[in-house]
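Worksheet: one structure, shown below.
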Amino acid sequence: MFSFFKKKKIVAHLKLSGVIGNAGKFKQGIDFAGQEEIIKKAFSIKKSPAVAISINSPGGSPVQSHLIHDFIRSQAKKNKKKVIIFMEDVAASGGYLIACAGDEIYANQSSIVGSIGVIYSSFGFKDLIEKIGVQRRVYTAGKNKSTLDPFMDEKQEDIERLKNIQLDLHKNFINVVEKSRGSKLKKSEVELFSGEFWSGSKAKDLGLIDEIGDANQILKE
C-alpha cells in the first residue's frame with residue numbers, strides 16, 4: 001500500500017513489511033510479483049519529486065531482494081525521482097539489500113540494521129532413522145542430485161559446493177552495498193560484511209545509513 005503526505009510537495013510513500021519471498025497463502029510476505037505494480041504506481045505520480053519507502057523486514061530470498069532493489073532503481077532512473085528509505089524495526093539481510101536502493105537511508109536509533117551475509121541451515125536425521133529402524137532409499141540420475149540430503153551422511157565435497165554458492169551470493173550482496181553506499185562506508189569489509197547486525201545508531205557510525213529519523217517526521221518537513 002502507499003499513502004500521501006501533503007505539505008508543499010506530494011511524496012508517494014510505499015511500505016514493505018514481512019519476510020522476503022513466498023511466505024505462503026496466509027502469511028504476510030514481500031515478493032517482486034506482489035510489489036511490481038505498487039512500486040510502478042508510486043513512481044508514476046508526476047507531482048511527486050521523490051518516493052519514500054518504509055522497510056520492516058528481517059530478509060529472506062536473495063533473488064526477490066535483488067529483483068525488488070533493481071526495479072526500484074530502474075523506476076527511479078526512468079522517472080527521475082529520488083528514493084528515500086526509512087527503516088522501521090528491522091532492515092536486515094535482504095531487507096537491507098532493498099534499502100540500498102535508496103538515495104538517502106534513515107533509521108530509528110533502535111532499528112536492527114545489517115546482517116550482510118548468506119546463511120543455509122538444515123538438520124541431520126541419519127542416526128535417528130537408523131535408531132527407529134527406518135531405511136532411506138534414494139535413487140538419482142546425476143551424482144549430485146542428493147546433495148546435502150538430511151537423511152544421509154554429509155559429504156565434504158557437498159559442503160564445499162554449498163559454500164562456493166554462498167560466496168557468490170555474498171559477493172553479489174557486497175557489490176550492491178558498495179555501489180549504494182560507496183565512500184560513506186566507514187569500516188573494513190571484514191567488519192561490515194561479516195553478517196553482523198547493529199542498532200540504527202551504530203549503523204549510522206558505520207555509514208550503512210545516512211541519518212536517524214522516521215518517515216512521519218522527515219516527510220512533513
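In the C-alpha cells, chains take the letters A, B, ... in the order shown, each chain's residues start at 1, and ligands count up from 1 in the order shown.
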Practice task
Would you return as an NGL selection string the members of region 15-179 of chain A that DSSP assigns to helix (DSSP H, G or I) on this structure's backbone?
Solution key: :A and (32-43 or 62-79 or 94-99 or 126-131 or 156-179)
Practice task
Find the spatial neighbours of Asp158 (chain A), counting only C-alpha atoms, within a cut-off of 10 Å - ignore same-chain residues fewer than 6 positions away - and output them as an NGL selection string.
Solution key: :A and (144 or 146-149 or 164)
Practice task
Calculate how many Å separate CA of Asn56 (chain A) from CA of Ile212 (chain A), rounding to one decimal.
Solution key: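 Atom-to-atom, CA of Asn56 (chain A) to CA of Ile212 (chain A), that is 15.5 Å.
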Practice task
Name the residues in contact with region 169-186 of chain A at a cut-off of 8 Å, using only C-alpha atoms, excluding same-chain residues fewer than 6 positions from it; report them as a VMD selection string.
Solution key: chain A and resid 62 97 100 to 103 116 to 118 193 205 to 208
Would you mind listing what lies within 8 Å of Pro49 (chain A) as a PDB file with all heavy atoms, in the first residue's frame, with only C-alpha atoms counted and same-chain residues fewer than 5 positions away left out?
```pdb
ATOM      1  N   LYS A   9       4.802  19.707  -1.002  1.00  0.00           N
ATOM      2  CA  LYS A   9       5.077  18.727  -2.041  1.00  0.00           C
ATOM      3  C   LYS A   9       4.345  17.420  -1.730  1.00  0.00           C
ATOM      4  O   LYS A   9       4.053  17.105  -0.589  1.00  0.00           O
ATOM      5  CB  LYS A   9       6.583  18.455  -2.129  1.00  0.00           C
ATOM      6  CG  LYS A   9       7.410  19.665  -2.573  1.00  0.00           C
ATOM      7  CD  LYS A   9       8.881  19.306  -2.606  1.00  0.00           C
ATOM      8  CE  LYS A   9       9.723  20.509  -3.038  1.00  0.00           C
ATOM      9  NZ  LYS A   9      11.164  20.205  -3.044  1.00  0.00           N
ATOM     10  N   ILE A  10       4.067  16.653  -2.781  1.00  0.00           N
ATOM     11  CA  ILE A  10       3.447  15.336  -2.620  1.00  0.00           C
ATOM     12  C   ILE A  10       4.550  14.291  -2.718  1.00  0.00           C
ATOM     13  O   ILE A  10       5.354  14.299  -3.652  1.00  0.00           O
ATOM     14  CB  ILE A  10       2.406  15.088  -3.724  1.00  0.00           C
ATOM     15  CG1 ILE A  10       1.262  16.088  -3.603  1.00  0.00           C
ATOM     16  CG2 ILE A  10       1.865  13.664  -3.646  1.00  0.00           C
ATOM     17  CD1 ILE A  10       0.279  16.010  -4.752  1.00  0.00           C
ATOM     18  N   VAL A  11       4.602  13.401  -1.753  1.00  0.00           N
ATOM     19  CA  VAL A  11       5.582  12.322  -1.781  1.00  0.00           C
ATOM     20  C   VAL A  11       4.855  10.988  -1.623  1.00  0.00           C
ATOM     21  O   VAL A  11       4.158  10.770  -0.633  1.00  0.00           O
ATOM     22  CB  VAL A  11       6.628  12.478  -0.647  1.00  0.00           C
ATOM     23  CG1 VAL A  11       7.597  11.293  -0.664  1.00  0.00           C
ATOM     24  CG2 VAL A  11       7.398  13.785  -0.800  1.00  0.00           C
ATOM     25  N   LYS A  81      13.282  10.339 -10.202  1.00  0.00           N
ATOM     26  CA  LYS A  81      12.831  10.621  -8.849  1.00  0.00           C
ATOM     27  C   LYS A  81      13.841  10.126  -7.816  1.00  0.00           C
ATOM     28  O   LYS A  81      14.530   9.135  -8.025  1.00  0.00           O
ATOM     29  CB  LYS A  81      11.474   9.966  -8.583  1.00  0.00           C
ATOM     30  CG  LYS A  81      10.342  10.532  -9.436  1.00  0.00           C
ATOM     31  CD  LYS A  81       9.011   9.962  -9.019  1.00  0.00           C
ATOM     32  CE  LYS A  81       7.900  10.390  -9.980  1.00  0.00           C
ATOM     33  NZ  LYS A  81       7.681  11.850  -9.973  1.00  0.00           N
ATOM     34  N   LYS A  82      13.901  10.822  -6.718  1.00  0.00           N
ATOM     35  CA  LYS A  82      14.755  10.461  -5.596  1.00  0.00           C
ATOM     36  C   LYS A  82      14.071   9.371  -4.776  1.00  0.00           C
ATOM     37  O   LYS A  82      12.845   9.344  -4.655  1.00  0.00           O
ATOM     38  CB  LYS A  82      14.995  11.709  -4.731  1.00  0.00           C
ATOM     39  CG  LYS A  82      16.004  11.555  -3.627  1.00  0.00           C
ATOM     40  CD  LYS A  82      16.184  12.916  -2.945  1.00  0.00           C
ATOM     41  CE  LYS A  82      17.259  12.856  -1.886  1.00  0.00           C
ATOM     42  NZ  LYS A  82      17.440  14.186  -1.241  1.00  0.00           N
TER      43      LYS A  82
END
```
Find the spatial neighbours of Ala33 (chain A), counting only C-alpha atoms, within a cut-off of 12 Å - ignore same-chain residues fewer than 4 positions away - and output them as a compact mmCIF listing (two decimals) with C-alpha atoms, in the first residue's frame.
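Listing of out-v2.txt after writing:
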```
# COMPACT_ATOMS: atom_id res chain seq x y z
CA ILE A 20 11.04 -11.54 1.58
CA GLY A 21 9.90 -14.35 -0.68
CA ASN A 22 6.90 -16.63 -0.96
CA GLY A 29 5.46 -11.52 2.83
CA GLU A 37 2.57 -2.69 -9.83
CA ILE A 38 2.51 -0.84 -6.49
CA ILE A 39 6.10 0.33 -6.97
CA LYS A 40 5.38 1.35 -10.57
CA GLN A 64 13.40 -11.48 -4.65
CA SER A 65 15.51 -8.92 -2.76
CA LEU A 67 14.54 -8.06 -8.13
CA ILE A 68 12.82 -5.50 -5.91
CA PHE A 71 13.19 -2.47 -10.07
```
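CA of Gly213 (chain A) to CA of Glu196 (chain A) spans 22.3 Å [interatomic distance, one decimal].
Candidate residues A:Ile72, A:Val134, A:Ala107, A:Ile159 were compared for distance to Val51 (chain A), and the nearest is A:Ile72, using only C-alpha atoms.
Residues with any atom within 8 Å of Gly124 (chain A), counting only C-alpha atoms and excluding same-chain neighbours fewer than 6 positions away, are Pro150, Phe151, Met152 and Asp153 of chain A.
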